[in-house]
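Working notes, structure below.
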Amino acid sequence: MRKQKLRTTVLLATVSLVLAGCGGAKVGEDSGGGGGGGGDTAECGDFNIAINPWVGYEADAAVVAYVAEKNLGCNVTKKDLKEEVAWQGFGTGEVDVVLENWGHDDLKKKYIDDQKTAVRVGSTGNTGTIGWYVPPWMAEKYPDITDYKNLNKYADMFKTSESGGKGQLLDGDPSFVTNDAALVKNLNLNFKVVYAGSETALIQSFRQAEKDKKPMIGYFYEPQWFMLEVKLVHVKLPEYKAGCDADAEKVACDYPPYDLDKIASKKFMDADGPAAQLVKNFEWTNDDQNLVAKYIAVDKMSAEDAAEKWVKDNQSKVDAWLPKS
Amino acid sequence: MTATIAPPTTPAAEPVPVVEQARGPRRWLAVLGILGGWLVLFVIFRGRATLELAPAQLTGLHRWFNDVNDTIGANRNSNPIFLYFFNEIRLVIDNFVTGIQYLIAQPVPGRGVPLIGWLGVVAIAGYVSWVFGNARVAILAIAGFVFFGLQGLWEESMDTLALTAAAVIIALLIGIPLGIGAGMSRRMNRVITPVLDFMQIMPTFVYLAPLTLFFLIGPASATIATLIYAMPPAIRITAHAIASVPGNSREAADSLGATRGQTLVKVLLPMAKRTIVVGINQCIMAALAMVTICALIDAPGLGKTVIKALQTLDVGTAFNAGLAIVIMAIVLDRVTTAAGDRAGKQLRHVGEPSWASRRRKPLLAVGGVVTLVFVYLSYTYIWAAEFPIDWNIGPWISRTTTDITLWIQDNLSVITNDLRDSFTRVFLNPFEALLTESPWWLMCAVILAFAYVVGSLRAAVVSAICLVLLLGTGLWNDAMTTLASTLVATVIVMVVGVLMGVWMGRSRGADRVIRPVLDAAQVMPPFVYLVPFVALFGPSRFTAIVAAFVYAAPIVIKIVTDGIRGVSPTTVEAATASGAGRWQTISKVQLPMSSQSLTLATNQGLIYVLAMVVVGGLVGAGALGYDVVAGFSQGQLFGKGLAAGLAIVLLGIMLDRITQAAARRTGRTAS
């Protein structure tokens, strides 16, 4: 008896649910997904953008992807990859473009000169600066700290549990080229390089140093969204001259300014589709990138929303990137 | 009870040598002697022959690794092995994973949503948990899955589930037969063990980039990376399960004239079923641990959310995604554990079904129909396919976490910095100096002597091989730095682990409250708590030790709890009756009687701490961890990273063999 009753209840519940369900919209009727798309799709086709893991890069990719999708009707796939893995993808045909490349002469030699799977597509218009930075409160309190010659005077302040009695110079993400150990030695600085090991750790340390007014000096770079939160101050090293960093052991000069450039798969550029032309034409300023990076990192907008907002406000710049035809 | 306790890394089925070696007190004298000699020689030879290597410096071996990697990359498209072997494997796995993704996670082209929507997946999760487990875990599964939707992470969670399921299924297809083989043949077990050690200890960062060279960027690479790490527990536990079926059951089967195959199918497998389910459970847990790392090669799912959030130091969002991973792990753990219990019960009650199980069948049939209806609904209607956005509590979770984290960072960082500084000065620096500034030959001698005295001759021989290879990696000094931090972290883990384990072993109430926290600490991706830890302790070796503690303490606590509980209640009662106080009962009865669990806990503690070396490299621990991370990030350091990964494996195997030998010896003296 009880069993019977239970079964009836369940059955009734099911039926009523089914009935309730009938009121809803059906799948496939108005799903906005892949089904749609104009005639352009065929012309542009698939467009694979590697996304290297930093916000500035994501800003570039967001805007390029947005324009490629909306204006050219491309089928854009973003792939989250570390640099080395992304470059490997040129050869295997899984990555069409790396939108913001910082130097990486070793990768250029390997994939552009030796394997010939990648090609240079020119500058993004952004200039990258690498160097030593201190939090703003220090630059204010000790104005002469921004010259490397005075660093030894302050070395004691920078001691930590990790620096073995010397001042600590904090290095960050191992993805970026660093000559810091050689620099410390060749400039006779009483410092020890400590490897934070990740950009996350480096940014958090700078944030904490500024908030608690703690002394800190470390390796950093711009454009970087964190600069919009805390404007770190660049410490001057002996000026960079072409070739002064030729011997990694004997470097005693600042890092060169980096012309951030675009790298693409050779096959992709040779085909010269609309997406390839967009990549070729894409160029903007550090301020442009910082703005989009701010939308993403500080205002917590999604990459798509950030790109849409910027594109709407800068339509004339975008028009210049579009293929002429 | 949860079954997240890992078994000993090698099944304890080794033959026990007959010779009785140095006993307790004499052994301690020997240990003191070694320490004394070490200190004297250290003072004399300090700072000589320490084999340091600067971060950017490479050795011939490292360059050779680089060349091999480059050659493979350059010849990828013309090499027949790639064209006809790796590409085929990739295609099969890619299609398999994509199939599962279309089923529950990724929008099917033309449909805009996956084949089965949220309602259907929730219903299936509940029903499957009920069929294989029980009603209680079914409710847990339903609640857990609905929570993913509430967090605003339905699609990400399903992506993670799809990838994990694919990896686990393939891992089991390969792993269970291998495990059965290893369980039936001791020789095969011996051959396979170092390979499994290698798969489990080698940091994933080392082979992530090469994997994409072999299997391209996509689901195949992510699945293979996951299964390399997740398969060993399944193999080990299956082998252990088969090997520990009592000898008389086999003999009975043999005497009835059963063939090898018949014995396996009719006797061994049914009797080992319960433990094999534990293996499946551990396989799933290990697979979930890979979620964030695989996101670095574009694996879709919760890992991506964590990594993306970290780029902007958004702890709240990272935590929300981490929480989803934790919940998935807890649901899958409880369900497989319940399934294991059911398998065990079936084995015991063959024959007359109980009242409850008689009623179960018709109920299951009804449940099956309801599930099918829900699946149909979620296939057809949008409301049942896409999780309603209005129910999203994800932003609230993120905001609350961010607020709490900020409060902790603001109010505790003063104390924590002092704690770090004094700890580093008093414990870490002196010990590290002892290890890194001793000449290499002295360190080798000390380690070998310890291995022999605490462990066995065999452990000393294995250690000798490991040490020679370690010297070959060219990263001796970094290895010693890492070893110092590892040992310090293990000591802390053990002290806290024993205290907590005794408490939980004696109090069911404490156990019930603390255990979910332990589960969470074990599966929460370390990436989530890196930011607050760096805020509290700055980038330092101490931060790395704290992170290792969070990851390794749970397993130690669980093993110790289990050991304390294993002491027979009558013995404890007898002690209490004869007037022993609480502390006497603990220190004279319960701890000594669970000494084997304590040594096993030390073993697992070491291995788990070692698993965090790379994470330590991300927060300022330097040494091998940093070498691995740098090798992953910079092409010209690839070889060095690989060498560092090998060094970690060698340290792991060495520490494992020494502690296991010590465990066997304690087991013998205790019994």
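So you can find residues: chains in the structure tokens are A, B, ... in the order shown, residues in each start at 1, and ligands are numbered from 1 in order.
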Check your understanding: Which chain B residues are at most 8 Å from chain A (counting only C-alpha atoms), as a ChimeraX atom specification?
Key -> /B:73-74,77,107,109-113,209,212-213,216-217,295-298,308,310-313,366,370,373,377,379-383,385,420-421,424-425,530-531,534-535,538-541,617-622,626,629-630,633-636
Exercise for review: Please provide the set of residues having any atom within 6 Å of segment 598-601 of chain B, restricted to only C-alpha atoms, with same-chain residues fewer than 3 positions apart removed, written as a ChimeraX atom specification.
Suggested key: /B:556,559,595,604-605,663
Practice item. Can you list, as a VMD selection string, all residues belonging to segment 566-600 of chain B that DSSP tags as helix (DSSP H, G or I)? Key: chain B and resid 566 569 to 577 582 to 593 595 to 600
Those residues with N, CA and C atoms, as a short mmCIF file (atom, residue, chain, number, x, y, z; two decimals), in the first residue's frame please?
data_model
loop_
_atom_site.label_atom_id
_atom_site.label_comp_id
_atom_site.auth_asym_id
_atom_site.auth_seq_id
_atom_site.Cartn_x
_atom_site.Cartn_y
_atom_site.Cartn_z
N GLY B 566 42.84 2.85 15.97
CA GLY B 566 43.09 1.43 15.75
C GLY B 566 43.54 0.71 17.02
N PRO B 569 40.11 -0.82 22.04
CA PRO B 569 39.49 -0.12 23.17
C PRO B 569 39.74 -0.85 24.48
N THR B 570 39.84 -2.19 24.44
CA THR B 570 40.04 -2.91 25.70
C THR B 570 41.38 -2.53 26.33
N THR B 571 42.43 -2.36 25.49
CA THR B 571 43.73 -1.98 26.02
C THR B 571 43.64 -0.63 26.71
N VAL B 572 42.93 0.32 26.03
CA VAL B 572 42.79 1.66 26.60
C VAL B 572 42.02 1.57 27.92
N GLU B 573 40.95 0.78 27.91
CA GLU B 573 40.15 0.64 29.14
C GLU B 573 40.98 0.05 30.26
N ALA B 574 41.79 -0.94 29.91
CA ALA B 574 42.64 -1.58 30.92
C ALA B 574 43.57 -0.55 31.54
N ALA B 575 44.14 0.31 30.68
CA ALA B 575 45.07 1.33 31.18
C ALA B 575 44.33 2.28 32.12
N THR B 576 43.13 2.72 31.70
CA THR B 576 42.37 3.66 32.54
C THR B 576 42.00 2.99 33.85
N ALA B 577 41.62 1.72 33.78
CA ALA B 577 41.19 1.01 34.98
C ALA B 577 42.35 0.88 35.97
N ARG B 582 44.97 10.73 31.84
CA ARG B 582 44.76 10.90 30.40
C ARG B 582 46.10 10.98 29.66
N TRP B 583 47.04 11.78 30.20
CA TRP B 583 48.32 11.95 29.50
C TRP B 583 49.11 10.66 29.49
N GLN B 584 48.99 9.91 30.61
CA GLN B 584 49.71 8.64 30.64
C GLN B 584 49.14 7.68 29.60
N THR B 585 47.80 7.66 29.51
CA THR B 585 47.18 6.77 28.51
C THR B 585 47.68 7.12 27.12
N ILE B 586 47.73 8.43 26.85
CA ILE B 586 48.18 8.84 25.51
C ILE B 586 49.64 8.48 25.28
N SER B 587 50.48 8.89 26.23
CA SER B 587 51.92 8.78 25.95
C SER B 587 52.45 7.37 26.16
N LYS B 588 51.82 6.58 27.06
CA LYS B 588 52.37 5.26 27.33
C LYS B 588 51.64 4.16 26.56
N VAL B 589 50.40 4.41 26.18
CA VAL B 589 49.64 3.35 25.52
C VAL B 589 49.31 3.69 24.07
N GLN B 590 48.54 4.78 23.88
CA GLN B 590 48.00 5.03 22.54
C GLN B 590 49.09 5.38 21.52
N LEU B 591 50.01 6.28 21.87
CA LEU B 591 51.04 6.66 20.89
C LEU B 591 51.99 5.50 20.58
N PRO B 592 52.56 4.84 21.60
CA PRO B 592 53.46 3.73 21.27
C PRO B 592 52.77 2.65 20.44
N MET B 593 51.49 2.38 20.75
CA MET B 593 50.82 1.30 20.03
C MET B 593 50.47 1.69 18.59
N SER B 595 52.64 3.34 16.71
CA SER B 595 53.91 3.86 16.18
C SER B 595 54.03 3.62 14.68
N GLN B 596 53.41 2.54 14.20
CA GLN B 596 53.52 2.29 12.77
C GLN B 596 52.78 3.37 11.97
N SER B 597 51.63 3.78 12.49
CA SER B 597 50.92 4.88 11.84
C SER B 597 51.75 6.15 11.87
N LEU B 598 52.46 6.35 12.98
CA LEU B 598 53.27 7.56 13.08
C LEU B 598 54.35 7.59 12.02
N THR B 599 55.01 6.46 11.80
CA THR B 599 56.06 6.45 10.79
C THR B 599 55.45 6.58 9.40
N LEU B 600 54.32 5.92 9.18
CA LEU B 600 53.64 6.08 7.89
C LEU B 600 53.26 7.54 7.69
#
Review point. Mind pulling up the distance from atom CA of Gln277 of chain A to atom CA of Pro323 of chain A?
Key: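 Taking atom CA of Pro323 of chain A as the start and atom CA of Gln277 of chain A as the end point, the length is 5.8 Å.
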Point to revise | Surrounding residues of Leu119 of chain B excluding itself and chain neighbours under 5 positions, 7 Å, only C-alpha atoms, as a PyMOL selection string | key: chain B and resi 374-375+378+384-385
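Residues surrounding segment 58-71 of chain B within 10 Å are Lys110 and Gln115 of chain A; Leu53, Ala54, Asn75, Arg76, Ala209, Pro210, Leu213, Gly472, Thr473, Gly474, Leu475, Gly635, Gln636, Leu637, Phe638, Gly639, Lys640, Gly641, Leu642, Ala643 and Ala644 of chain B [only C-alpha atoms; sequence separation below 4 positions excluded].
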Check your understanding: Nearest to Ala252 of chain A among A:Leu322, A:Val184, A:Val193, A:Ala306, with distances taken over only C-alpha atoms: which residue is it?
Key ->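 Nearest candidate to Ala252 of chain A out of A:Leu322, A:Val184, A:Val193, A:Ala306: A:Val184.
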**Study point:** Point-to-point distance from atom CA of Pro80 of chain B to atom CA of Thr226 of chain B, Å rounded to tenths
**Key:**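 Answer for the atom CA of Pro80 of chain B to atom CA of Thr226 of chain B separation: 26.0 Å.
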Practice item. One decimal, Å: what's the distance from atom CA of Ala307 of chain A over to atom CA of Lys294 of chain A, could you say? Key: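 These atoms are spaced 11.3 Å apart.
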Show me, as a short mmCIF file (atom, residue, chain, number, x, y, z; two decimals) with C-alpha atoms, in the first residue's frame, the residues that have an atom within 9 Å of Tyr66 of chain A when counting only C-alpha atoms, minus same-chain residues fewer than 3 positions from it.
data_model
loop_
_atom_site.label_atom_id
_atom_site.label_comp_id
_atom_site.auth_asym_id
_atom_site.auth_seq_id
_atom_site.Cartn_x
_atom_site.Cartn_y
_atom_site.Cartn_z
CA ALA A 61 43.59 40.48 -27.11
CA ALA A 62 40.19 41.64 -25.88
CA VAL A 63 40.08 44.53 -28.31
CA GLU A 69 34.22 39.15 -34.19
CA LYS A 70 32.00 42.20 -34.64
CA ASN A 71 33.51 43.86 -37.68
CA VAL A 76 37.68 33.80 -32.54
CA GLU A 304 34.38 41.52 -23.78
CA ALA A 307 36.74 45.91 -25.22
CA GLU A 308 33.26 47.00 -26.20
CA VAL A 311 35.92 50.41 -29.05
#
Point to revise | Residue with smallest distance to Lys213 of chain A - pool A:Met227, A:Val279, A:Met138, A:Ile145, counting only C-alpha atoms | key: A:Met138
**Study point:** Within 9 Å of segment 544-552 of chain B using only C-alpha atoms, minus same-chain residues under 5 positions, as an NGL selection string
**Key:** :B and (485-486 or 488-490 or 492-493 or 518 or 521-524 or 526 or 529-530 or 533 or 539 or 557 or 604-613 or 615-621)
For the selection you just gave me, I'd like the residues written to a file as an mmCIF file, in the first residue's frame, keeping N, CA and C atoms.
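Contents of again09.cif, freshly written:
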data_model
loop_
_atom_site.group_PDB
_atom_site.id
_atom_site.type_symbol
_atom_site.label_atom_id
_atom_site.label_comp_id
_atom_site.auth_asym_id
_atom_site.auth_seq_id
_atom_site.Cartn_x
_atom_site.Cartn_y
_atom_site.Cartn_z
ATOM 1 N N SER B 485 64.419 23.084 3.869
ATOM 2 C CA SER B 485 63.056 23.584 4.077
ATOM 3 C C SER B 485 62.076 22.427 4.207
ATOM 4 N N THR B 486 62.274 21.383 3.392
ATOM 5 C CA THR B 486 61.367 20.241 3.423
ATOM 6 C C THR B 486 61.377 19.576 4.792
ATOM 7 N N VAL B 488 62.366 20.861 7.694
ATOM 8 C CA VAL B 488 61.802 21.746 8.723
ATOM 9 C C VAL B 488 60.278 21.712 8.657
ATOM 10 N N ALA B 489 59.756 21.824 7.423
ATOM 11 C CA ALA B 489 58.298 21.819 7.276
ATOM 12 C C ALA B 489 57.717 20.505 7.774
ATOM 13 N N THR B 490 58.406 19.395 7.480
ATOM 14 C CA THR B 490 57.881 18.100 7.910
ATOM 15 C C THR B 490 57.835 18.012 9.430
ATOM 16 N N ILE B 492 57.397 20.443 11.563
ATOM 17 C CA ILE B 492 56.231 21.207 12.039
ATOM 18 C C ILE B 492 54.946 20.432 11.765
ATOM 19 N N VAL B 493 54.862 19.904 10.549
ATOM 20 C CA VAL B 493 53.664 19.140 10.183
ATOM 21 C C VAL B 493 53.456 17.989 11.162
ATOM 22 N N LEU B 518 39.932 19.733 6.965
ATOM 23 C CA LEU B 518 41.115 19.048 6.434
ATOM 24 C C LEU B 518 40.928 18.725 4.962
ATOM 25 N N ALA B 521 41.421 21.821 2.999
ATOM 26 C CA ALA B 521 42.822 22.240 2.904
ATOM 27 C C ALA B 521 43.579 21.380 1.908
ATOM 28 N N GLN B 522 43.180 20.109 1.793
ATOM 29 C CA GLN B 522 43.889 19.212 0.888
ATOM 30 C C GLN B 522 43.586 19.494 -0.574
ATOM 31 N N VAL B 523 42.363 19.893 -0.877
ATOM 32 C CA VAL B 523 42.017 20.047 -2.296
ATOM 33 C C VAL B 523 41.895 21.489 -2.758
ATOM 34 N N MET B 524 41.848 22.449 -1.841
ATOM 35 C CA MET B 524 41.821 23.851 -2.267
ATOM 36 C C MET B 524 43.113 24.131 -3.034
ATOM 37 N N PRO B 526 46.422 25.544 -4.126
ATOM 38 C CA PRO B 526 47.323 26.437 -3.386
ATOM 39 C C PRO B 526 47.351 27.836 -3.989
ATOM 40 N N TYR B 529 45.418 30.516 -2.031
ATOM 41 C CA TYR B 529 45.872 31.171 -0.802
ATOM 42 C C TYR B 529 47.270 31.764 -0.893
ATOM 43 N N LEU B 530 47.863 31.750 -2.085
ATOM 44 C CA LEU B 530 49.191 32.357 -2.222
ATOM 45 C C LEU B 530 49.174 33.838 -1.887
ATOM 46 N N PHE B 533 48.879 34.662 1.788
ATOM 47 C CA PHE B 533 50.091 34.226 2.481
ATOM 48 C C PHE B 533 51.245 35.185 2.212
ATOM 49 N N PRO B 539 57.318 37.427 0.385
ATOM 50 C CA PRO B 539 57.869 36.296 -0.353
ATOM 51 C C PRO B 539 59.080 35.759 0.401
ATOM 52 N N ILE B 557 47.408 14.264 9.934
ATOM 53 C CA ILE B 557 46.393 14.221 10.987
ATOM 54 C C ILE B 557 45.475 13.020 10.776
ATOM 55 N N GLN B 604 54.294 9.988 4.571
ATOM 56 C CA GLN B 604 53.355 10.731 3.730
ATOM 57 C C GLN B 604 53.538 12.232 3.917
ATOM 58 N N GLY B 605 53.830 12.651 5.139
ATOM 59 C CA GLY B 605 54.077 14.074 5.404
ATOM 60 C C GLY B 605 55.212 14.587 4.523
ATOM 61 N N LEU B 606 56.316 13.831 4.486
ATOM 62 C CA LEU B 606 57.465 14.226 3.666
ATOM 63 C C LEU B 606 57.084 14.326 2.202
ATOM 64 N N ILE B 607 56.385 13.301 1.697
ATOM 65 C CA ILE B 607 56.051 13.281 0.273
ATOM 66 C C ILE B 607 55.124 14.446 -0.068
ATOM 67 N N TYR B 608 54.169 14.716 0.811
ATOM 68 C CA TYR B 608 53.241 15.819 0.543
ATOM 69 C C TYR B 608 53.944 17.173 0.612
ATOM 70 N N VAL B 609 54.858 17.323 1.578
ATOM 71 C CA VAL B 609 55.613 18.577 1.656
ATOM 72 C C VAL B 609 56.424 18.762 0.373
ATOM 73 N N LEU B 610 57.007 17.675 -0.085
ATOM 74 C CA LEU B 610 57.813 17.729 -1.290
ATOM 75 C C LEU B 610 56.969 18.130 -2.504
ATOM 76 N N ALA B 611 55.697 17.713 -2.479
ATOM 77 C CA ALA B 611 54.813 18.057 -3.593
ATOM 78 C C ALA B 611 54.587 19.560 -3.670
ATOM 79 N N MET B 612 54.882 20.273 -2.577
ATOM 80 C CA MET B 612 54.635 21.715 -2.571
ATOM 81 C C MET B 612 55.890 22.521 -2.877
ATOM 82 N N VAL B 613 56.983 21.845 -3.204
ATOM 83 C CA VAL B 613 58.230 22.566 -3.456
ATOM 84 C C VAL B 613 58.047 23.587 -4.580
ATOM 85 N N VAL B 615 55.229 25.022 -5.646
ATOM 86 C CA VAL B 615 54.403 26.127 -5.172
ATOM 87 C C VAL B 615 55.251 27.062 -4.327
ATOM 88 N N GLY B 616 56.134 26.485 -3.514
ATOM 89 C CA GLY B 616 57.055 27.292 -2.714
ATOM 90 C C GLY B 616 57.890 28.195 -3.607
ATOM 91 N N GLY B 617 58.299 27.667 -4.753
ATOM 92 C CA GLY B 617 59.088 28.464 -5.693
ATOM 93 C C GLY B 617 58.334 29.690 -6.182
ATOM 94 N N LEU B 618 57.009 29.620 -6.161
ATOM 95 C CA LEU B 618 56.196 30.759 -6.614
ATOM 96 C C LEU B 618 56.080 31.844 -5.551
ATOM 97 N N VAL B 619 56.436 31.548 -4.314
ATOM 98 C CA VAL B 619 56.291 32.556 -3.257
ATOM 99 C C VAL B 619 57.611 32.866 -2.574
ATOM 100 N N GLY B 620 58.721 32.631 -3.265
ATOM 101 C CA GLY B 620 59.982 33.136 -2.746
ATOM 102 C C GLY B 620 60.876 32.110 -2.077
ATOM 103 N N ALA B 621 60.583 30.808 -2.217
ATOM 104 C CA ALA B 621 61.442 29.822 -1.570
ATOM 105 C C ALA B 621 62.715 29.574 -2.369
#
